[in-house]
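Below: the structure, in structure tokens.
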Amino acid sequence: MRRRRRLPRTTGPRRRVRRGRDRRQPRGPRPHRAAPRRRHPLRPRLRRQGHAGPDEGGRSLGCLARRDRRRPGAGRRHGHRPPAAGRVRRAPRRRRPGRPRRPPLRTDRPHRQGPDMTEAAGMRTDYCGELRATDVGRQVSVCGWVAKRREHGEHLAFVDLRDHTGVIQCVVHDDTDVRSEYVLRITGTVAPRPEGTVNDKLPTGQIELQDCTVEILSAAEPPPFPLDDRADDVDELVRLRYRYLDLRRERMQKNLRVRAKVNSAIRRSMEAQDFIEVETPMLMPSTPEGAREFLVPSRQRPGDFYALPQSPQLYKQLLMVGGTDRYFQIARCLRDEDLRADRQYEFMQLDAEASFVTQDDVLAFISEAVVAAAEAVTGERPPEIQQITWHEAMDRYGIDKPDLRFGLELVELTAIFSETGFNAFKAPSIKGIKVPGAAADYGRNKLDGLTDRAKASGAKGLVWLKVDEGGTTFTSPVAKFLSEAEVAGLVATFEAEAGDLLLIVADEWANTCEVLGVLRNELGRPPVHEGPYRYVWVVDFPMFVGRDDAGNPKPGHHPFTHPHPDDMDKLESDPMSVRSLAYDLVLNGWELGSGSIRIHEPDLQARIFRLLGISEEEAEKRFGFFLTPFKYGAPPHGGFAFGIDRLTAILAGEENIREVIAFPKPQSGLDPMTGAPTTVDANQLADLGLRTLPKAT
RNA sequence: GGUCCCGUGGUGCAGUUUGGAGUGCACGCCGGCCUGUCAAGCCGGAGGUCGCGGGUUCAAAUCCCGUCGGGACCGCCA
């Protein structure tokens with residue numbers, strides 16, 4: 001890192017303004033110091049940079065110099081710390097033998113008009129939150145915002161100064177007027193707190209800054225909401241409107257730093273695995289498959305549009321054709337779909353692609369990156385990520401993004417009812433879940449609620465049974481329809497005990513699983529960020545999911561996904577049973593991302609298009625720029641993309657990705673801070689050949 | 001596009017069920033007091049068109065309709 005010089009500590013204006021009584025009137029000389037000249041006390045008190053008056057330069061030096069003369073050794077003690085930010089952060093606090101002492105205070109520099117912004121990093125010697133008892137005796141300068149001030153009469157006040165590392169208590173004995181969120185530079189001596197005044201709740205609670213000289217770098221209006229933990233309860237719209245204030249909070253600063261760690265660890269991991277970072281265009285042709293796109297009108301071709309990328313999918317495959325071998329990008333993706341707790345218009349993905357690899361290779365690459373990111377944040381390396389097939393995920397958890405942190409697995413019951421007389425159970429697939437001990441908690445209302453939920457998910461109905469005392473009979477509206485053998489079969493299969501609640505669904509296999517999967521999550525799923533972290537690869541996704549209006553199968557992943565080699569012979573005969581080489585990575589029930597091995601053979605691609613009902617002409621029209629390259633020799637390749645916002649949110653302990661994005665948008669997509677989106681003036685529209693319709697009223 | 005929940009000084013709430021004067025609490029803010037506090041303490045003060053519009057009523061924060069804004073979820077996100 002480039003070495004940056006620190007500003008001589010004496011160049012800033014020393015502002016003396018008053019707080020408390022009589023702020024609007026000049027006051028007489030104060031008792032223990034010759035009264036310095038004072039600026040007019042009326043606020044705003046600060047002159048703008050460049051308009052500094054004659055009192056802004058030299059006097060403070062004089063004050064400090066006087067002070068230094070009064071305290072022999074103080075000047076020498078107060079030295080230049082290694083100036084680069086990284087060094088400051090990591091600098092050992094204990095001075096080791098042999099380590100050179102900090103260079104002496106420079107008092108020989110020419111006076112400056114206010115802080116020199118070209119040396120802003122040098123305005124301080126330390127971060128607020130990093131001072132410790134081992135720093136006692138040092139004279140330091142810290143910069144930050146006033147988190148809190150506590151006054152005790154005219155001549156004692158405590159100022160908690162905050163930067164992104166934390167707060168330090170500064171003892172101010174003069175009558176400087178500092179208020180919430182004023183930006184200060186405070187120079188003082190690190191001292192142990194007097195006996196009985198240690199604050200165990202603060203990492204800096206053993207010490208405080210004494211003999212403080214306060215420079216007001218910026219005055220501030222009171223913030224519209226408290227910038228501490230209480231802001232967690234403030235309306236998110238208010239936090240977003242003043243996001244720049246919200247970001248000062250410990251939680252937000254922590255989250256931004258978690259995110260930076262994730263990015264950094266991912267980048268290091270991918271590079272260590274021989275991936276190279278390549279940027280791909282933000283302006284690309286519209287490819288209307290999949291998510292709705294953001295369109296950008298072309299000025300030079302009025303009436304034509306670029307689209308912003310939903311993902312770099314097409315480009316990264318062309319990078320493979322281009323011999324790049326292993327590509328990655330921490331890529332911004334944009335989708336014009338409705339927002340959610342885990343969705344923004346724009347979001348970041350680790351996008352990766354590799355040539356001459358198998359599915360297992362890709363899973364290993366990505367696993368390594370995710371594990372590295374998790375380790376960078378938590379300090380613990382997660383265990384190897386397990387795999388589960390899509391079919392097993394559906395069968396056991398009823399969902400393709402299973403949350404493995406809790407039980408309530410689906411129990412297979414079909415065989416028990418193979419000869420049932422109960423019409424509702426004459427179905428291809430019968431499954432249930434057991435909620436241990438929940439019978440008493442679920443009265444009629446809650447059970448009706450579950451039934452409604454099941455029906456909303458597509459179930460014909462939901463059968464519930466409460467296991468009676470003794471554990472061998474049920475209380476249930478359908479109890480009378482069940483044979484003794486069926487009752488016994490249920491008790492045995494569920495390993496049911498008195499007080500358990502059993503929920504059963506009978507339908508086609510997929511429906512049965514999905515409905516119970518919804519109920520399972522409803523009944524047992526903890527908030528996503530609660531530990532432990534359970535990563536899982538879901539593999540062998542079906543090649544096709546459902547059929548479109550014309551009866552053609554629809555691709556489960558995307559139309560360039562390679563079919564599973566074992567199922568190639570079923571592509572035409574039984575397409576819906578064909579598996580693909582597509583895979584998802586799931587963490588605590590959130591889909592982190594997905595990927596696949598791609599089709600690199602033009603013949604196979606043509607075959608898939610035929611199955612999807614896409615004619616050659618249509619394929620050429622829609623994907624021509626993408627398909628032609630494959631005629632020139634495409635390597636076998638595959639890749640993956642996962643959402644960095646989601647991973648970061650979970651690792652940061654947040655349930656909402658907005659909390660780990662510096663400037664997110666609320667659910668409406670309207671930015672309360674900037675007002676975007678806005679109308680533009682007619683000339684801009686004319687330039688683009690656009691005309692807007694009147695807004696609906 | 002849909003379902004549900006929420007809009008009351010700068011912030012967080014109570015008050016709405018059962019209509020009766022902008023009523024209350026906490027924080028913040030402003031002023032005063034206070035030399036060891038730490039989400040300091042004490043005293044005083046300012047600050048609100050109860051999101052907006054309409055309706056019912058003698059009377060609406062409260063009931064009704066509409067609308068705007070926010071959130072969670074469904075649809076959607078190949």
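Following the order of the structure tokens, chains are lettered A, B, ..., residues in each are numbered from 1, and ligands are numbered from 1.
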
Open item on the list: Quick one: residues within 8 Å of region 150-167 of chain A, only C-alpha atoms (C1' of nucleotides), excluding same-chain residues fewer than 2 positions away - as JSON, numbers by chain?
Closed with: {"A": [20, 127, 128, 129, 130, 143, 144, 145, 146, 147, 148, 169, 170, 171, 172, 173, 174, 175, 184, 202, 204, 248, 249, 250, 253], "B": [33, 34, 35, 37, 38, 40]}

- [ ] Pull out every residue of chain A that has at least one atom within 9 Å of chain B, counting only C-alpha atoms (C1' of nucleotides), and report them as a PyMOL selection string.
- [x] chain A and resi 20-21+148+150-158+160+169+173+194+196-197+199+222-226+228+230-231+233-237+289-292+335-338+340-341+343+554-559+666-668

Open item on the list: Between CA of Ala260 (chain A) and CA of Glu368 (chain A), what distance in Å does the model show, to one decimal?
Closed with: 17.5 Å

- [ ] Would you mind reading off the distance between CA of Ile599 (chain A) and CA of Lys621 (chain A), one decimal, in Å?
- [x] 18.8 Å

TODO: Considering only C-alpha atoms (C1' of nucleotides), return as a PyMOL selection string whatever protein or nucleic-acid residues lie within 7 Å of Tyr535 (chain A), sequence-local ones (same chain, fewer than 5 positions apart) excluded.
DONE: chain A and resi 385+586-588

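One distance worth recording is that between CA of Ala265 (chain A) and CA of Leu308 (chain A), which is 27.0 Å.
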
- [ ] Taking the chain letters and numbering used in this document, name the residues of region 291-483 of chain A that DSSP puts in alpha helix (DSSP H), as JSON, numbers by chain.
- [x] {"A": [313, 314, 315, 316, 317, 318, 319, 320, 321, 359, 360, 361, 362, 363, 364, 365, 366, 367, 368, 369, 370, 371, 372, 373, 374, 375, 376, 377, 378, 390, 391, 392, 393, 394, 395, 396, 397, 444, 445, 446, 447, 448, 449, 450, 451, 452, 453, 454, 455, 456]}

- [ ] Determine, counting only C-alpha atoms (C1' of nucleotides), which protein, DNA and RNA residues have an atom within 9 Å of an atom of region 354-365 of chain A; residues of the same chain fewer than 2 positions away are not included. Present the result as number ranges by chain.
- [x] A: 269-270, 273, 275, 317, 320-321, 323-328, 352, 367-370, 537, 581-583, 585, 595-597, 635-640

I need the residues of region 241-301 of chain A that end up classed as strand (DSSP E) by DSSP on the backbone, written out as a PDB file with N, CA and C atoms, in the first residue's frame.
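The resulting out_9.pdb:
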ATOM      1  N   ILE A 276      -9.326 -16.685 -13.768  1.00  0.00           N
ATOM      2  CA  ILE A 276      -8.963 -15.286 -13.972  1.00  0.00           C
ATOM      3  C   ILE A 276     -10.231 -14.449 -14.046  1.00  0.00           C
ATOM      4  N   GLU A 277     -10.104 -13.210 -13.601  1.00  0.00           N
ATOM      5  CA  GLU A 277     -11.259 -12.320 -13.520  1.00  0.00           C
ATOM      6  C   GLU A 277     -11.403 -11.572 -14.842  1.00  0.00           C
ATOM      7  N   LEU A 295     -34.116  -2.306 -19.709  1.00  0.00           N
ATOM      8  CA  LEU A 295     -33.749  -1.919 -21.059  1.00  0.00           C
ATOM      9  C   LEU A 295     -33.112  -0.539 -21.059  1.00  0.00           C
ATOM     10  N   VAL A 296     -32.185  -0.362 -21.968  1.00  0.00           N
ATOM     11  CA  VAL A 296     -31.484   0.915 -22.102  1.00  0.00           C
ATOM     12  C   VAL A 296     -31.629   1.376 -23.541  1.00  0.00           C
ATOM     13  N   PRO A 297     -32.302   2.492 -23.730  1.00  0.00           N
ATOM     14  CA  PRO A 297     -32.504   2.947 -25.104  1.00  0.00           C
ATOM     15  C   PRO A 297     -31.196   3.379 -25.748  1.00  0.00           C
TER      16      PRO A 297
END

All residues 12 Å or closer to U57 (chain B), only C-alpha atoms (C1' of nucleotides), same chain fewer than 6 positions away omitted, as a JSON list (two decimals) with all heavy atoms, in the first residue's frame:
[["chain", "number", "residue", "atom", "x", "y", "z"],
["B", 19, "G", "P", -68.32, 3.92, 19.73],
["B", 19, "G", "OP1", -69.58, 4.38, 20.31],
["B", 19, "G", "OP2", -68.27, 3.31, 18.40],
["B", 19, "G", "O5'", -67.32, 5.14, 19.73],
["B", 19, "G", "C5'", -65.94, 4.98, 19.41],
["B", 19, "G", "C4'", -65.34, 6.34, 19.19],
["B", 19, "G", "O4'", -65.89, 6.89, 17.96],
["B", 19, "G", "C3'", -65.66, 7.35, 20.28],
["B", 19, "G", "O3'", -64.58, 8.27, 20.38],
["B", 19, "G", "C2'", -66.89, 8.06, 19.75],
["B", 19, "G", "O2'", -67.07, 9.34, 20.25],
["B", 19, "G", "C1'", -66.58, 8.07, 18.24],
["B", 19, "G", "N9", -67.78, 8.09, 17.40],
["B", 19, "G", "C8", -68.79, 7.18, 17.41],
["B", 19, "G", "N7", -69.73, 7.45, 16.53],
["B", 19, "G", "C5", -69.30, 8.62, 15.92],
["B", 19, "G", "C6", -69.90, 9.39, 14.90],
["B", 19, "G", "O6", -70.97, 9.17, 14.31],
["B", 19, "G", "N1", -69.14, 10.50, 14.58],
["B", 19, "G", "C2", -67.94, 10.84, 15.17],
["B", 19, "G", "N2", -67.37, 11.93, 14.74],
["B", 19, "G", "N3", -67.37, 10.12, 16.13],
["B", 19, "G", "C4", -68.09, 9.04, 16.45],
["B", 20, "G", "P", -64.02, 8.64, 21.80],
["B", 20, "G", "OP1", -62.56, 8.75, 21.62],
["B", 20, "G", "OP2", -64.60, 7.78, 22.85],
["B", 20, "G", "O5'", -64.61, 10.10, 22.03],
["B", 20, "G", "C5'", -64.17, 11.18, 21.20],
["B", 20, "G", "C4'", -64.59, 12.51, 21.78],
["B", 20, "G", "O4'", -65.99, 12.73, 21.54],
["B", 20, "G", "C3'", -64.38, 12.64, 23.28],
["B", 20, "G", "O3'", -64.08, 14.00, 23.56],
["B", 20, "G", "C2'", -65.76, 12.32, 23.84],
["B", 20, "G", "O2'", -66.02, 12.90, 25.08],
["B", 20, "G", "C1'", -66.65, 12.97, 22.77],
["B", 20, "G", "N9", -67.98, 12.39, 22.65],
["B", 20, "G", "C8", -68.47, 11.22, 23.15],
["B", 20, "G", "N7", -69.71, 11.01, 22.81],
["B", 20, "G", "C5", -70.07, 12.11, 22.05],
["B", 20, "G", "C6", -71.27, 12.45, 21.42],
["B", 20, "G", "O6", -72.32, 11.81, 21.38],
["B", 20, "G", "N1", -71.19, 13.67, 20.76],
["B", 20, "G", "C2", -70.09, 14.47, 20.73],
["B", 20, "G", "N2", -70.20, 15.60, 20.06],
["B", 20, "G", "N3", -68.94, 14.16, 21.31],
["B", 20, "G", "C4", -69.01, 12.97, 21.96],
["B", 63, "C", "P", -61.69, 2.28, 13.82],
["B", 63, "C", "OP1", -61.64, 1.01, 14.57],
["B", 63, "C", "OP2", -60.72, 2.55, 12.75],
["B", 63, "C", "O5'", -63.15, 2.44, 13.19],
["B", 63, "C", "C5'", -64.27, 1.80, 13.78],
["B", 63, "C", "C4'", -65.50, 2.01, 12.93],
["B", 63, "C", "O4'", -66.00, 3.36, 13.13],
["B", 63, "C", "C3'", -65.27, 1.93, 11.43],
["B", 63, "C", "O3'", -65.24, 0.60, 10.95],
["B", 63, "C", "C2'", -66.44, 2.73, 10.88],
["B", 63, "C", "O2'", -67.63, 1.96, 10.91],
["B", 63, "C", "C1'", -66.56, 3.84, 11.93],
["B", 63, "C", "N1", -65.81, 5.07, 11.54],
["B", 63, "C", "C2", -66.32, 5.87, 10.51],
["B", 63, "C", "O2", -67.36, 5.50, 9.94],
["B", 63, "C", "N3", -65.66, 6.99, 10.17],
["B", 63, "C", "C4", -64.55, 7.33, 10.80],
["B", 63, "C", "N4", -63.94, 8.45, 10.42],
["B", 63, "C", "C5", -64.00, 6.55, 11.86],
["B", 63, "C", "C6", -64.66, 5.44, 12.19],
["B", 64, "C", "P", -64.36, 0.23, 9.67],
["B", 64, "C", "OP1", -64.37, -1.24, 9.54],
["B", 64, "C", "OP2", -63.08, 0.98, 9.73],
["B", 64, "C", "O5'", -65.22, 0.84, 8.47],
["B", 64, "C", "C5'", -66.52, 0.34, 8.18],
["B", 64, "C", "C4'", -67.08, 1.04, 6.97],
["B", 64, "C", "O4'", -67.32, 2.44, 7.32],
["B", 64, "C", "C3'", -66.16, 1.12, 5.77],
["B", 64, "C", "O3'", -66.19, -0.06, 4.99],
["B", 64, "C", "C2'", -66.69, 2.34, 5.02],
["B", 64, "C", "O2'", -67.86, 2.03, 4.31],
["B", 64, "C", "C1'", -67.06, 3.26, 6.19],
["B", 64, "C", "N1", -65.97, 4.20, 6.55],
["B", 64, "C", "C2", -65.79, 5.34, 5.75],
["B", 64, "C", "O2", -66.53, 5.51, 4.78],
["B", 64, "C", "N3", -64.80, 6.22, 6.07],
["B", 64, "C", "C4", -64.03, 5.98, 7.12],
["B", 64, "C", "N4", -63.08, 6.88, 7.39],
["B", 64, "C", "C5", -64.18, 4.84, 7.94],
["B", 64, "C", "C6", -65.16, 3.97, 7.62]]

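Distance annotation: of B:G1, B:A21, B:G9, B:C30, the residue with the minimal separation from G47 (chain B) is B:G9; atom set is only C-alpha atoms (C1' of nucleotides).
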